[in-house]
$ cat run_17.txt   # compact mmCIF, C-alpha atoms and all ligand atoms
# COMPACT_ATOMS: atom_id res chain seq x y z
CA MET H 1208 -37.44 -188.42 125.75
CA ASP H 1209 -40.31 -188.03 128.16
CA HIS H 1210 -41.78 -189.86 131.13
CA PHE H 1211 -45.21 -190.66 129.68
CA ILE H 1212 -45.12 -194.37 129.08
CA TYR H 1213 -47.51 -197.30 128.99
CA LYS H 1214 -47.39 -199.68 131.91
CA SER H 1215 -49.55 -202.79 131.54
CA GLY H 1216 -51.37 -201.09 128.67
CA GLU H 1217 -52.22 -197.91 130.64
CA LEU H 1218 -50.60 -194.57 129.85
CA CYS H 1219 -48.83 -193.24 132.92
CA ALA H 1220 -47.22 -189.94 133.83
CA GLU H 1221 -44.10 -191.17 135.62
CA ASP H 1222 -45.64 -193.65 138.09
CA VAL H 1223 -49.20 -192.33 138.04
CA PRO H 1224 -51.82 -193.74 135.68
CA ILE H 1225 -53.47 -190.96 133.67
CA ARG H 1226 -56.81 -192.63 134.29
CA GLU H 1227 -56.41 -192.13 138.03
CA ILE H 1228 -55.74 -188.40 137.59
CA ALA H 1229 -58.76 -188.14 135.29
CA ARG H 1230 -60.92 -189.73 138.00
CA HIS H 1231 -59.83 -187.02 140.43
CA VAL H 1232 -59.87 -183.90 138.28
CA GLY H 1233 -62.21 -184.75 135.40
CA THR H 1234 -61.37 -184.01 131.77
CA PRO H 1235 -59.94 -182.20 129.94
CA PHE H 1236 -56.76 -181.40 131.89
CA TYR H 1237 -53.09 -180.68 131.31
CA CYS H 1238 -50.63 -183.02 132.96
CA TYR H 1239 -46.91 -182.28 133.37
CA SER H 1240 -44.05 -184.55 134.38
CA THR H 1241 -41.49 -183.15 136.82
CA ALA H 1242 -38.82 -185.62 135.72
CA THR H 1243 -39.19 -184.56 132.09
CA LEU H 1244 -39.03 -180.84 132.90
CA GLU H 1245 -35.92 -181.40 134.99
CA ARG H 1246 -34.28 -183.62 132.42
CA HIS H 1247 -34.76 -181.12 129.63
CA PHE H 1248 -33.46 -178.20 131.66
CA ARG H 1249 -30.38 -180.21 132.63
CA LEU H 1250 -29.71 -181.16 129.00
CA PHE H 1251 -29.26 -177.48 128.13
CA ASP H 1252 -27.34 -176.71 131.29
CA GLU H 1253 -24.94 -179.59 130.65
CA ALA H 1254 -24.62 -178.74 126.96
CA LEU H 1255 -23.07 -175.42 127.97
CA GLU H 1256 -20.89 -176.82 130.72
CA GLY H 1257 -17.41 -175.36 130.71
CA THR H 1258 -18.60 -171.91 129.58
CA ASP H 1259 -19.95 -169.22 131.85
CA HIS H 1260 -23.66 -169.50 131.11
CA LEU H 1261 -27.24 -169.18 132.29
CA VAL H 1262 -30.23 -171.07 130.89
CA CYS H 1263 -33.17 -168.67 131.11
CA TYR H 1264 -36.38 -170.65 130.66
CA ALA H 1265 -38.75 -168.79 128.30
CA MET H 1266 -41.79 -169.08 130.53
CA LYS H 1267 -44.19 -168.03 127.81
CA ALA H 1268 -44.15 -171.75 126.93
CA ALA H 1269 -45.70 -172.83 130.25
CA SER H 1270 -45.79 -170.48 133.20
CA ASN H 1271 -47.59 -172.21 136.03
CA LEU H 1272 -45.84 -171.30 139.29
CA ALA H 1273 -45.24 -174.95 140.14
CA ILE H 1274 -43.42 -175.46 136.83
CA LEU H 1275 -41.37 -172.31 137.40
CA ARG H 1276 -40.44 -173.40 140.91
CA THR H 1277 -39.38 -176.83 139.66
CA LEU H 1278 -36.97 -175.19 137.22
CA ALA H 1279 -35.88 -172.39 139.54
CA ALA H 1280 -34.80 -175.01 142.08
CA LEU H 1281 -32.32 -176.31 139.48
CA GLY H 1282 -30.85 -172.85 139.07
CA ALA H 1283 -32.79 -171.77 135.99
CA GLY H 1284 -33.01 -168.15 135.06
CA MET H 1285 -36.23 -166.89 133.43
CA ASP H 1286 -36.93 -165.03 130.21
CA VAL H 1287 -40.03 -162.88 130.71
CA VAL H 1288 -41.99 -160.76 128.26
CA SER H 1289 -44.52 -158.92 130.41
CA GLY H 1290 -45.08 -157.51 133.86
CA GLY H 1291 -47.25 -160.54 134.54
CA GLU H 1292 -44.44 -162.93 133.67
CA TYR H 1293 -42.00 -160.88 135.72
CA ALA H 1294 -44.36 -161.18 138.69
CA ARG H 1295 -44.59 -164.94 138.13
CA ALA H 1296 -40.82 -165.30 138.10
CA ARG H 1297 -40.51 -163.42 141.38
CA ALA H 1298 -43.41 -165.33 142.93
CA ALA H 1299 -41.65 -168.56 141.97
CA GLY H 1300 -38.62 -167.40 143.95
CA VAL H 1301 -36.37 -166.42 141.05
CA PRO H 1302 -34.05 -163.58 142.06
CA GLY H 1303 -33.99 -160.49 139.87
CA GLU H 1304 -30.41 -161.19 138.80
CA ARG H 1305 -31.65 -164.31 137.01
CA ILE H 1306 -34.52 -162.60 135.13
CA VAL H 1307 -34.14 -161.34 131.58
CA PHE H 1308 -36.84 -159.05 130.14
CA SER H 1309 -37.55 -159.54 126.41
CA GLY H 1310 -40.30 -158.28 124.11
CA VAL H 1311 -40.93 -155.51 121.58
CA GLY H 1312 -43.44 -153.47 123.54
CA LYS H 1313 -42.32 -153.10 127.14
CA THR H 1314 -44.25 -150.31 128.83
CA ALA H 1315 -42.80 -147.76 131.25
CA ALA H 1316 -44.76 -149.44 134.06
CA GLU H 1317 -43.20 -152.81 133.23
CA MET H 1318 -39.73 -151.25 133.09
CA ARG H 1319 -40.26 -149.62 136.48
CA MET H 1320 -41.47 -152.87 137.97
CA ALA H 1321 -38.38 -154.75 136.81
CA LEU H 1322 -35.92 -152.00 137.76
CA GLU H 1323 -37.39 -151.77 141.24
CA GLY H 1324 -37.68 -155.51 141.73
CA GLY H 1325 -34.28 -156.38 140.26
CA ILE H 1326 -33.36 -157.45 136.75
CA ARG H 1327 -30.46 -159.17 135.05
CA GLN H 1328 -30.91 -157.26 131.81
CA PHE H 1329 -33.43 -155.85 129.39
CA ASN H 1330 -33.21 -157.08 125.82
CA VAL H 1331 -34.06 -153.84 124.05
CA GLU H 1332 -35.63 -154.01 120.61
CA SER H 1333 -35.76 -150.44 119.30
CA GLU H 1334 -34.46 -146.91 119.78
CA PRO H 1335 -37.76 -145.55 121.14
CA GLU H 1336 -37.73 -148.34 123.72
CA MET H 1337 -34.15 -147.44 124.57
CA ASP H 1338 -35.08 -143.81 125.16
CA ARG H 1339 -38.06 -144.79 127.30
CA LEU H 1340 -35.96 -147.16 129.42
CA ASP H 1341 -33.28 -144.52 129.82
CA ALA H 1342 -35.88 -142.05 131.12
CA VAL H 1343 -37.41 -144.55 133.54
CA ALA H 1344 -34.01 -145.62 134.88
CA ARG H 1345 -32.85 -142.05 135.40
CA GLU H 1346 -36.12 -141.19 137.14
CA LEU H 1347 -35.39 -144.06 139.56
CA GLY H 1348 -31.77 -142.97 139.95
CA THR H 1349 -30.40 -146.20 138.52
CA LYS H 1350 -28.85 -147.65 135.39
CA ALA H 1351 -30.63 -150.33 133.35
CA PRO H 1352 -28.36 -153.13 132.07
CA ILE H 1353 -29.19 -153.79 128.42
CA THR H 1354 -28.43 -155.88 125.41
CA VAL H 1355 -29.81 -154.84 122.04
CA ARG H 1356 -31.73 -157.46 120.13
CA VAL H 1357 -30.38 -157.58 116.62
CA ASN H 1358 -32.29 -158.98 113.71
CA PRO H 1359 -29.74 -160.94 111.67
CA ASP H 1360 -31.99 -161.40 108.60
CA VAL H 1361 -31.71 -165.17 108.68
CA ASP H 1362 -34.37 -167.59 107.49
CA ALA H 1363 -35.25 -169.81 110.46
CA LYS H 1364 -37.07 -172.25 108.14
CA THR H 1365 -40.01 -172.59 110.46
CA HIS H 1366 -43.72 -171.70 110.37
CA ALA H 1367 -44.17 -168.07 109.24
CA LYS H 1368 -46.11 -167.17 112.40
CA ILE H 1369 -43.17 -168.11 114.63
CA ALA H 1370 -40.20 -166.96 112.52
CA THR H 1371 -38.71 -163.77 113.93
CA GLY H 1372 -35.27 -163.28 112.43
CA LYS H 1373 -36.06 -161.92 108.95
CA SER H 1374 -35.94 -158.21 108.20
CA GLU H 1375 -39.69 -158.18 107.50
CA ASN H 1376 -40.41 -159.25 111.10
CA LYS H 1377 -41.15 -156.72 113.84
CA PHE H 1378 -38.33 -157.96 116.06
CA GLY H 1379 -35.01 -156.37 116.96
CA ILE H 1380 -33.02 -153.76 115.07
CA PRO H 1381 -31.49 -154.60 111.67
CA ILE H 1382 -27.99 -155.88 112.30
CA SER H 1383 -26.74 -153.51 109.60
CA ARG H 1384 -27.70 -150.57 111.86
CA ALA H 1385 -26.34 -152.10 115.05
CA ARG H 1386 -23.24 -149.93 115.42
CA GLU H 1387 -25.16 -146.70 115.16
CA VAL H 1388 -27.83 -147.93 117.61
CA TYR H 1389 -25.19 -149.06 120.12
CA ALA H 1390 -23.53 -145.65 119.81
CA HIS H 1391 -26.88 -144.05 120.65
CA ALA H 1392 -27.33 -146.38 123.65
CA ALA H 1393 -23.87 -145.57 124.97
CA ARG H 1394 -24.77 -141.89 125.10
CA LEU H 1395 -27.77 -142.52 127.37
CA GLU H 1396 -26.88 -142.16 131.03
CA GLY H 1397 -29.65 -144.39 132.29
CA LEU H 1398 -28.40 -147.40 130.33
CA GLU H 1399 -25.45 -149.73 130.69
CA VAL H 1400 -24.70 -151.65 127.51
CA ILE H 1401 -23.52 -155.14 128.41
CA GLY H 1402 -24.15 -157.37 125.43
CA ILE H 1403 -25.99 -158.54 122.35
CA ASP H 1404 -29.26 -160.44 122.03
CA VAL H 1405 -30.63 -162.49 119.14
CA HIS H 1406 -33.62 -164.81 118.71
CA ILE H 1407 -34.57 -165.97 115.24
CA GLY H 1408 -37.68 -168.07 115.75
CA SER H 1409 -39.26 -171.09 117.32
CA GLN H 1410 -39.48 -174.80 116.48
CA LEU H 1411 -36.27 -174.78 114.45
CA THR H 1412 -35.38 -178.26 113.33
CA GLU H 1413 -31.90 -177.55 111.93
CA LEU H 1414 -28.78 -176.02 113.45
CA GLU H 1415 -27.76 -174.13 110.31
CA PRO H 1416 -29.97 -171.03 110.79
CA PHE H 1417 -28.75 -170.71 114.39
CA ARG H 1418 -25.16 -171.02 113.20
CA LEU H 1419 -25.62 -168.32 110.56
CA ALA H 1420 -27.17 -165.98 113.12
CA TYR H 1421 -24.49 -166.67 115.74
CA GLU H 1422 -21.70 -166.11 113.24
CA LYS H 1423 -23.18 -162.67 112.59
CA VAL H 1424 -23.29 -162.05 116.34
CA ARG H 1425 -19.65 -163.05 116.57
CA GLU H 1426 -18.65 -160.55 113.91
CA LEU H 1427 -20.74 -157.87 115.57
CA THR H 1428 -19.09 -158.55 118.93
CA HIS H 1429 -15.70 -157.75 117.39
CA GLN H 1430 -17.02 -154.60 115.71
CA LEU H 1431 -18.75 -153.30 118.82
CA ARG H 1432 -15.71 -153.98 120.99
CA ALA H 1433 -13.60 -152.08 118.48
CA ASP H 1434 -16.09 -149.22 118.85
CA GLY H 1435 -15.39 -149.23 122.58
CA HIS H 1436 -18.41 -151.14 123.94
CA ASP H 1437 -17.84 -153.63 126.73
CA ILE H 1438 -19.64 -156.62 125.19
CA ARG H 1439 -19.53 -159.31 127.85
CA ARG H 1440 -22.81 -161.20 127.53
CA LEU H 1441 -24.49 -162.86 124.54
CA ASP H 1442 -28.14 -163.83 124.78
CA LEU H 1443 -28.77 -166.34 122.00
CA GLY H 1444 -32.54 -166.69 122.36
CA GLY H 1445 -34.53 -169.90 122.27
CA GLY H 1446 -36.05 -171.81 119.42
CA LEU H 1447 -34.65 -175.32 119.35
CA GLY H 1448 -37.47 -177.56 118.08
CA ILE H 1449 -38.92 -180.80 119.37
CA PRO H 1450 -40.08 -183.94 117.53
CA TYR H 1451 -43.89 -183.60 117.41
CA ALA H 1452 -44.48 -186.53 115.10
CA ARG H 1453 -42.68 -189.65 116.10
CA SER H 1454 -42.21 -190.53 112.44
CA ASN H 1455 -40.36 -187.30 111.65
CA ALA H 1456 -36.65 -186.71 111.58
CA GLU H 1457 -35.36 -185.81 115.01
CA PRO H 1458 -34.33 -182.18 115.44
CA PRO H 1459 -30.80 -181.61 116.78
CA LEU H 1460 -30.28 -182.32 120.46
CA PRO H 1461 -29.33 -179.68 123.03
CA THR H 1462 -25.87 -181.28 123.17
CA ASP H 1463 -25.31 -180.58 119.44
CA TYR H 1464 -26.70 -177.09 119.87
CA GLY H 1465 -24.41 -176.43 122.84
CA ALA H 1466 -21.38 -177.75 120.99
CA MET H 1467 -22.13 -175.47 118.03
CA ILE H 1468 -22.48 -172.45 120.36
CA LYS H 1469 -19.12 -173.20 121.95
CA GLU H 1470 -17.55 -173.67 118.54
CA VAL H 1471 -18.84 -170.38 117.11
CA LEU H 1472 -18.72 -168.15 120.19
CA GLY H 1473 -16.65 -169.98 122.78
CA ASP H 1474 -13.45 -167.95 122.39
CA LEU H 1475 -15.03 -164.51 122.82
CA GLY H 1476 -14.87 -164.55 126.61
CA CYS H 1477 -18.57 -163.73 126.84
CA GLU H 1478 -21.10 -165.12 129.23
CA ILE H 1479 -23.64 -167.14 127.22
CA GLU H 1480 -27.36 -167.01 127.84
CA ILE H 1481 -30.02 -169.08 126.11
CA GLU H 1482 -33.81 -168.85 126.37
CA PRO H 1483 -35.33 -172.23 125.54
CA GLY H 1484 -39.05 -172.67 126.18
CA ARG H 1485 -40.57 -175.36 123.99
CA LEU H 1486 -37.80 -177.91 124.39
CA ILE H 1487 -38.03 -177.75 128.17
CA ALA H 1488 -41.83 -177.84 128.53
CA GLY H 1489 -43.17 -179.28 125.27
CA ASN H 1490 -42.71 -182.98 125.76
CA ALA H 1491 -43.18 -182.60 129.50
CA GLY H 1492 -46.92 -182.08 129.10
CA LEU H 1493 -50.04 -183.86 127.86
CA LEU H 1494 -53.54 -182.63 127.28
CA VAL H 1495 -55.91 -185.39 128.35
CA SER H 1496 -59.41 -185.47 126.96
CA GLU H 1497 -62.44 -187.77 126.87
CA VAL H 1498 -64.30 -188.92 123.78
CA VAL H 1499 -67.83 -187.46 123.97
CA TYR H 1500 -69.20 -189.03 120.79
CA VAL H 1501 -68.09 -190.97 117.79
CA LYS H 1502 -70.13 -189.52 114.95
CA GLU H 1503 -70.39 -191.22 111.60
CA GLY H 1504 -70.17 -188.71 108.75
CA GLU H 1505 -70.85 -189.48 105.11
CA ASP H 1506 -67.32 -190.56 104.31
CA ARG H 1507 -65.54 -190.37 107.65
CA SER H 1508 -65.84 -190.85 111.39
CA PHE H 1509 -65.53 -187.89 113.73
CA LEU H 1510 -64.04 -188.35 117.14
CA ILE H 1511 -65.70 -185.58 119.12
CA LEU H 1512 -63.65 -184.76 122.23
CA ASP H 1513 -64.37 -182.68 125.30
CA ALA H 1514 -61.20 -180.68 124.60
CA ALA H 1515 -61.37 -177.98 121.95
CA MET H 1516 -59.37 -175.33 120.14
CA ASN H 1517 -59.76 -173.00 123.13
CA ASP H 1518 -57.80 -175.51 125.25
CA LEU H 1519 -55.09 -176.25 122.66
CA ILE H 1520 -54.98 -173.70 119.85
CA ARG H 1521 -51.84 -174.93 118.08
CA PRO H 1522 -53.48 -177.13 115.41
CA ALA H 1523 -55.98 -174.38 114.49
CA MET H 1524 -53.41 -171.60 114.59
CA TYR H 1525 -50.27 -173.15 113.09
CA ASP H 1526 -51.63 -176.33 111.51
CA ALA H 1527 -49.55 -178.00 114.20
CA TYR H 1528 -49.34 -181.75 114.49
CA HIS H 1529 -49.76 -183.39 117.89
CA ASP H 1530 -49.68 -187.13 118.45
CA ILE H 1531 -53.04 -188.21 119.84
CA VAL H 1532 -52.81 -191.51 121.69
CA PRO H 1533 -55.32 -193.66 123.54
CA VAL H 1534 -54.85 -193.73 127.30
CA THR H 1535 -55.59 -197.45 127.30
CA GLU H 1536 -53.74 -199.41 124.64
CA ALA H 1537 -55.64 -201.69 122.28
CA ALA H 1538 -55.41 -205.43 122.66
CA PRO H 1539 -52.68 -206.83 120.36
CA GLY H 1540 -53.94 -207.47 116.85
CA THR H 1541 -56.68 -204.81 116.96
CA GLU H 1542 -57.09 -203.10 113.57
CA PRO H 1543 -56.72 -199.30 113.74
CA GLU H 1544 -59.46 -196.91 112.61
CA ARG H 1545 -59.28 -193.48 111.01
CA TYR H 1546 -60.88 -190.45 112.58
CA ASP H 1547 -61.15 -186.73 112.13
CA VAL H 1548 -60.45 -185.59 115.67
CA VAL H 1549 -62.47 -182.51 116.59
CA GLY H 1550 -63.67 -180.47 119.55
CA PRO H 1551 -67.15 -179.18 120.40
CA VAL H 1552 -66.50 -175.51 119.53
CA CYS H 1553 -68.77 -174.05 116.89
CA GLU H 1554 -66.37 -173.56 114.03
CA SER H 1555 -64.71 -175.91 111.59
CA GLY H 1556 -61.28 -174.65 112.66
CA ASP H 1557 -61.86 -176.65 115.83
CA THR H 1558 -60.20 -179.65 114.23
CA PHE H 1559 -57.18 -181.27 115.86
CA ALA H 1560 -56.39 -183.81 113.16
CA LYS H 1561 -57.81 -185.29 109.97
CA GLY H 1562 -57.75 -188.95 109.04
CA ARG H 1563 -55.77 -189.86 112.14
CA GLU H 1564 -55.20 -193.57 112.72
CA THR H 1565 -55.65 -194.91 116.21
CA ARG H 1566 -57.22 -197.86 117.97
CA PRO H 1567 -61.03 -197.96 117.73
CA LEU H 1568 -62.44 -195.59 120.33
CA SER H 1569 -65.85 -194.98 121.77
CA ALA H 1570 -67.60 -192.50 124.03
CA GLY H 1571 -66.00 -192.37 127.48
CA ASP H 1572 -62.52 -193.41 126.29
CA LEU H 1573 -59.61 -191.16 127.17
CA VAL H 1574 -57.03 -189.82 124.74
CA ALA H 1575 -53.88 -187.80 125.30
CA PHE H 1576 -52.31 -185.13 123.10
CA ARG H 1577 -48.59 -185.50 123.34
CA SER H 1578 -46.09 -182.62 123.29
CA ALA H 1579 -48.74 -180.25 124.60
CA GLY H 1580 -46.71 -178.90 127.51
CA ALA H 1581 -45.46 -175.84 125.65
CA TYR H 1582 -47.83 -173.20 124.27
CA GLY H 1583 -50.78 -175.30 125.40
CA ALA H 1584 -52.32 -174.16 128.69
CA VAL H 1585 -50.76 -170.70 128.37
CA MET H 1586 -52.56 -170.03 125.07
CA ALA H 1587 -55.92 -171.35 126.27
CA SER H 1588 -58.99 -169.16 126.40
CA GLU H 1589 -62.57 -169.42 127.58
CA TYR H 1590 -64.02 -169.18 124.09
CA ASN H 1591 -67.54 -170.64 123.98
CA SER H 1592 -67.59 -170.02 127.77
CA ARG H 1593 -65.58 -173.12 128.39
CA PRO H 1594 -63.68 -172.68 131.68
CA LEU H 1595 -59.88 -172.95 131.48
CA VAL H 1596 -58.81 -176.54 131.96
CA PRO H 1597 -56.94 -177.51 135.13
CA GLU H 1598 -53.23 -178.27 135.30
CA VAL H 1599 -51.73 -181.20 137.19
CA LEU H 1600 -48.09 -181.85 138.05
CA VAL H 1601 -46.76 -185.37 138.61
CA LYS H 1602 -43.62 -186.24 140.52
CA GLY H 1603 -42.86 -189.94 140.85
CA ASP H 1604 -45.96 -191.56 142.32
CA GLN H 1605 -47.50 -188.28 143.48
CA PHE H 1606 -49.67 -185.81 141.64
CA ALA H 1607 -51.10 -182.43 142.54
CA VAL H 1608 -53.52 -180.01 140.95
CA ILE H 1609 -51.43 -176.91 140.27
CA ARG H 1610 -54.31 -174.90 138.82
CA PRO H 1611 -57.87 -175.96 139.61
CA ARG H 1612 -60.68 -175.88 137.12
CA PRO H 1613 -62.77 -172.77 137.76
CA SER H 1614 -66.43 -173.43 138.49
CA LEU H 1615 -68.99 -171.94 136.13
CA GLU H 1616 -69.93 -169.59 138.92
CA GLU H 1617 -66.35 -168.35 139.29
CA MET H 1618 -66.21 -167.78 135.57
CA LEU H 1619 -69.47 -165.83 135.52
CA ASN H 1620 -68.58 -163.82 138.61
CA ARG H 1621 -65.67 -162.20 136.83
CA ASP H 1622 -68.14 -160.21 134.75
CA THR H 1623 -69.64 -157.13 136.36
CA LEU H 1624 -72.82 -155.35 135.35
CA PRO H 1625 -72.85 -151.56 134.87
CA GLU H 1626 -74.80 -149.52 137.41
CA TRP H 1627 -77.55 -148.66 134.95
CA MET H 1628 -78.69 -152.26 134.60
N1 LIG S 1 -36.95 -166.00 123.41
C1 LIG S 1 -37.76 -165.17 122.74
C2 LIG S 1 -37.37 -163.76 122.60
C3 LIG S 1 -38.94 -165.66 122.16
O1 LIG S 1 -39.73 -164.84 121.48
C4 LIG S 1 -39.28 -167.03 122.29
C5 LIG S 1 -40.51 -167.56 121.71
C6 LIG S 1 -38.42 -167.86 123.03
C7 LIG S 1 -37.25 -167.31 123.57
C8 LIG S 1 -38.68 -169.32 123.25
O2 LIG S 1 -38.71 -170.03 122.05
P1 LIG S 1 -38.83 -171.62 122.09
O3 LIG S 1 -37.56 -172.15 122.70
O4 LIG S 1 -40.01 -171.95 122.93
O5 LIG S 1 -39.00 -172.00 120.68
N2 LIG S 1 -46.94 -170.13 120.25
C9 LIG S 1 -46.03 -170.67 119.28
C10 LIG S 1 -44.58 -170.39 119.65
C11 LIG S 1 -44.27 -168.92 119.86
C12 LIG S 1 -42.85 -168.63 120.23
C13 LIG S 1 -42.67 -167.22 120.63
N3 LIG S 1 -41.37 -166.85 121.08
C14 LIG S 1 -46.28 -172.16 119.11
O6 LIG S 1 -47.20 -172.69 119.74
O7 LIG S 1 -45.61 -172.81 118.32
$ encode --input "run_17.txt" --output "structure tokens"
Amino acid sequence: MDHFIYKSGELCAEDVPIREIARHVGTPFYCYSTATLERHFRLFDEALEGTDHLVCYAMKAASNLAILRTLAALGAGMDVVSGGEYARARAAGVPGERIVFSGVGKTAAEMRMALEGGIRQFNVESEPEMDRLDAVARELGTKAPITVRVNPDVDAKTHAKIATGKSENKFGIPISRAREVYAHAARLEGLEVIGIDVHIGSQLTELEPFRLAYEKVRELTHQLRADGHDIRRLDLGGGLGIPYARSNAEPPLPTDYGAMIKEVLGDLGCEIEIEPGRLIAGNAGLLVSEVVYVKEGEDRSFLILDAAMNDLIRPAMYDAYHDIVPVTEAAPGTEPERYDVVGPVCESGDTFAKGRETRPLSAGDLVAFRSAGAYGAVMASEYNSRPLVPEVLVKGDQFAVIRPRPSLEEMLNRDTLPEWM
């Protein structure tokens, strides 16, 4: 459920008409709903009620400071994967003890930054990383709390580019080698082994792959405890999917997910951590765009928008489906039309949808991409020298620009010419 609904035929973000925001900031822009962000965070938090837990928002999904602050105020932890994300978490007021550091390629500088600034744990993904972290921690005269990310070799049944839990993927250490890797970690003085981490992929629409992975984690917890490790925290990753197409079957709800976690792992006496990103931010954001032209092709009509693949890469990159809706509803009884919805970027991959049915549209009309809050703005680029689009946050009847659109001058001024020119 989200808070983007039509009121008197006009799409609104909570109590603010999208059209009004467009008048202020121009198009394209991203628009987020505070109520939706909060609701989705709470769903996870409540799903794990009764167990010691922390919901660490995977900020790679949407990392604007205003979004992070909104969630931090509810007690969210953060899952970060770079020094930049760590800095964002701290700038948003998240204490180090609520920040988890994930990722396969953490550098020594990033490790130092997190150890000095405070960290809940590192989710370590390989032995070389373990050795590097050990060295950095010892150099700083401290101990780094770690879990080891295990790769359970489970098929997440999602798009190949976002599946991470099969043995062919670069992530984690094979679960079959876990005991030997934990033994190695225990010998390193700069590390303190506290738990196990697993994350099998993103946009999962069934619980079964999670269950299979968590059952393996359960078994491993027993084995590692028998080996003498004090396993007291389980980080179960993110990945729960969202309904992109309204016609599709609904993925499981956080409540079902939470119940399954408690069922499989509840009696181990471990603190549970989860790292959802998409489900918190995805349906809390729209990308709003204006129709520049309607172009009649030989056998189809093209809706040419002012948003492009550089603003929302998901359709080009993962063949992702996003609902595209008119900001002003059609009068009742209007026959829909079919369009190929495209952007102005100079490649055919800049296609958002083919043969999409919507009300008849013309130049100047506004449309909104639904479910664009996660992996939208954060994956944008300035390809074709198109400045990054602004971000707006709505709360009730208020809205604020939380990242302004850079001027062309600002964009150009980031380049510097070498002395010899
Ligand atoms: N934890 C780890 C270690 C992750 O790698 C990810 C996502 C998450 C948590 C959050 O997963 P979520 O709950 O958002 O599914 N750009 C792609 C998605 C990439 C996901 C990467 N890792 C997309 O647009 O679909």
$ atom_distance --input "run_17.txt" --atom1 "CA of Gly1310 (chain H)" --atom2 "atom C2 of ligand LIG 1 (chain S)"
6.4 Å
$ residues_near_ligand --input "run_17.txt" --ligand "ligand LIG 1 (chain S)" --cutoff "8 Å" --atoms "all atoms listed in the file" --output "PyMOL selection string"
chain H and resi 1264-1268+1286+1288+1309-1310+1368-1369+1371+1405-1406+1408-1411+1444-1448+1481-1487+1520-1521+1525+1527+1581-1583+1586
$ closest_atom_pairs --input "run_17.txt" --of "region 1537-1621 of chain H" --to "region 1495-1503 of chain H" --cutoff "7 Å" --atoms "all atoms listed in the file" --output "Markdown table"
| residue | atom | partner | partner_atom | distance |
| --- | --- | --- | --- | --- |
| H:Ser1569 | CA | H:Val1501 | CA | 6.1 |
| H:Ala1570 | CA | H:Val1498 | CA | 4.9 |
| H:Gly1571 | CA | H:Val1498 | CA | 5.3 |
| H:Asp1572 | CA | H:Val1498 | CA | 5.4 |
| H:Leu1573 | CA | H:Glu1497 | CA | 4.4 |
| H:Val1574 | CA | H:Ser1496 | CA | 5.4 |
| H:Ala1575 | CA | H:Val1495 | CA | 4.4 |
| H:Phe1576 | CA | H:Val1495 | CA | 6.4 |
$ residues_near_point --input "run_17.txt" --point "(-45.4, -190.9, 141.3)" --cutoff "12 Å" --atoms "all atoms listed in the file" --output "list in words"
His1210, Phe1211, Cys1219, Ala1220, Glu1221, Asp1222, Val1223, Pro1224, Ile1225, Glu1227, Ile1228, Tyr1239, Ser1240, Thr1241, Ala1242, Leu1600, Val1601, Lys1602, Gly1603, Asp1604, Gln1605, Phe1606 and Ala1607 of chain H
$ closest_residue --input "run_17.txt" --among "H:Ala1466, H:Leu1441, H:Leu1615, H:Leu1281" --to "His1260 (chain H)" --atoms "all atoms listed in the file"
H:Leu1441
$ atom_distance --input "run_17.txt" --atom1 "CA of Leu1414 (chain H)" --atom2 "CA of Pro1459 (chain H)"
6.8 Å
$ atom_distance --input "run_17.txt" --atom1 "CA of Leu1218 (chain H)" --atom2 "CA of Thr1535 (chain H)"
6.3 Å
$ residues_around --input "run_17.txt" --residues "region 1271-1275 of chain H" --least-positions-apart "5" --cutoff "8 Å" --atoms "only C-alpha atoms" --output "PyMOL selection string"
chain H and resi 1241+1244+1266+1295-1296+1298-1299+1600+1609-1610
$ closest_residue --input "run_17.txt" --among "H:Leu1595, H:Cys1263, H:Ala1523, H:Ala1488" --to "Ser1555 (chain H)" --atoms "all atoms listed in the file"
H:Ala1523
$ closest_residue --input "run_17.txt" --among "H:Leu1460, H:Ala1315, H:Ile1403, H:Ala1283" --to "Val1424 (chain H)" --atoms "all atoms listed in the file"
H:Ile1403
$ closest_residue --input "run_17.txt" --among "H:Glu1292, H:Asp1434, H:Glu1323, H:Asp1442" --to "Ile1353 (chain H)" --atoms "only C-alpha atoms"
H:Asp1442
$ residues_around --input "run_17.txt" --residues "Arg1563 (chain H)" --least-positions-apart "3" --cutoff "9 Å" --atoms "all atoms listed in the file" --output "PyMOL selection string"
chain H and resi 1531+1544-1548+1560
$ residues_around --input "run_17.txt" --residues "His1529 (chain H)" --least-positions-apart "6" --cutoff "7 Å" --atoms "all atoms listed in the file" --output "PDB file with C-alpha atoms, in the coordinates of the input"
ATOM      1  CA  TYR H1451     -43.890-183.600 117.410  1.00  0.00           C
ATOM      2  CA  ALA H1452     -44.480-186.530 115.100  1.00  0.00           C
ATOM      3  CA  PHE H1576     -52.310-185.130 123.100  1.00  0.00           C
ATOM      4  CA  ARG H1577     -48.590-185.500 123.340  1.00  0.00           C
ATOM      5  CA  SER H1578     -46.090-182.620 123.290  1.00  0.00           C
TER       6      SER H1578
END
$ axis_aligned_box --input "run_17.txt" --around "region 1456-1463 of chain H" --padding-each-side "8 Å" --output "JSON"
{"center_x": -31.0, "center_y": -183.2, "center_z": 117.4, "size_x": 27.3, "size_y": 23.0, "size_z": 27.6}
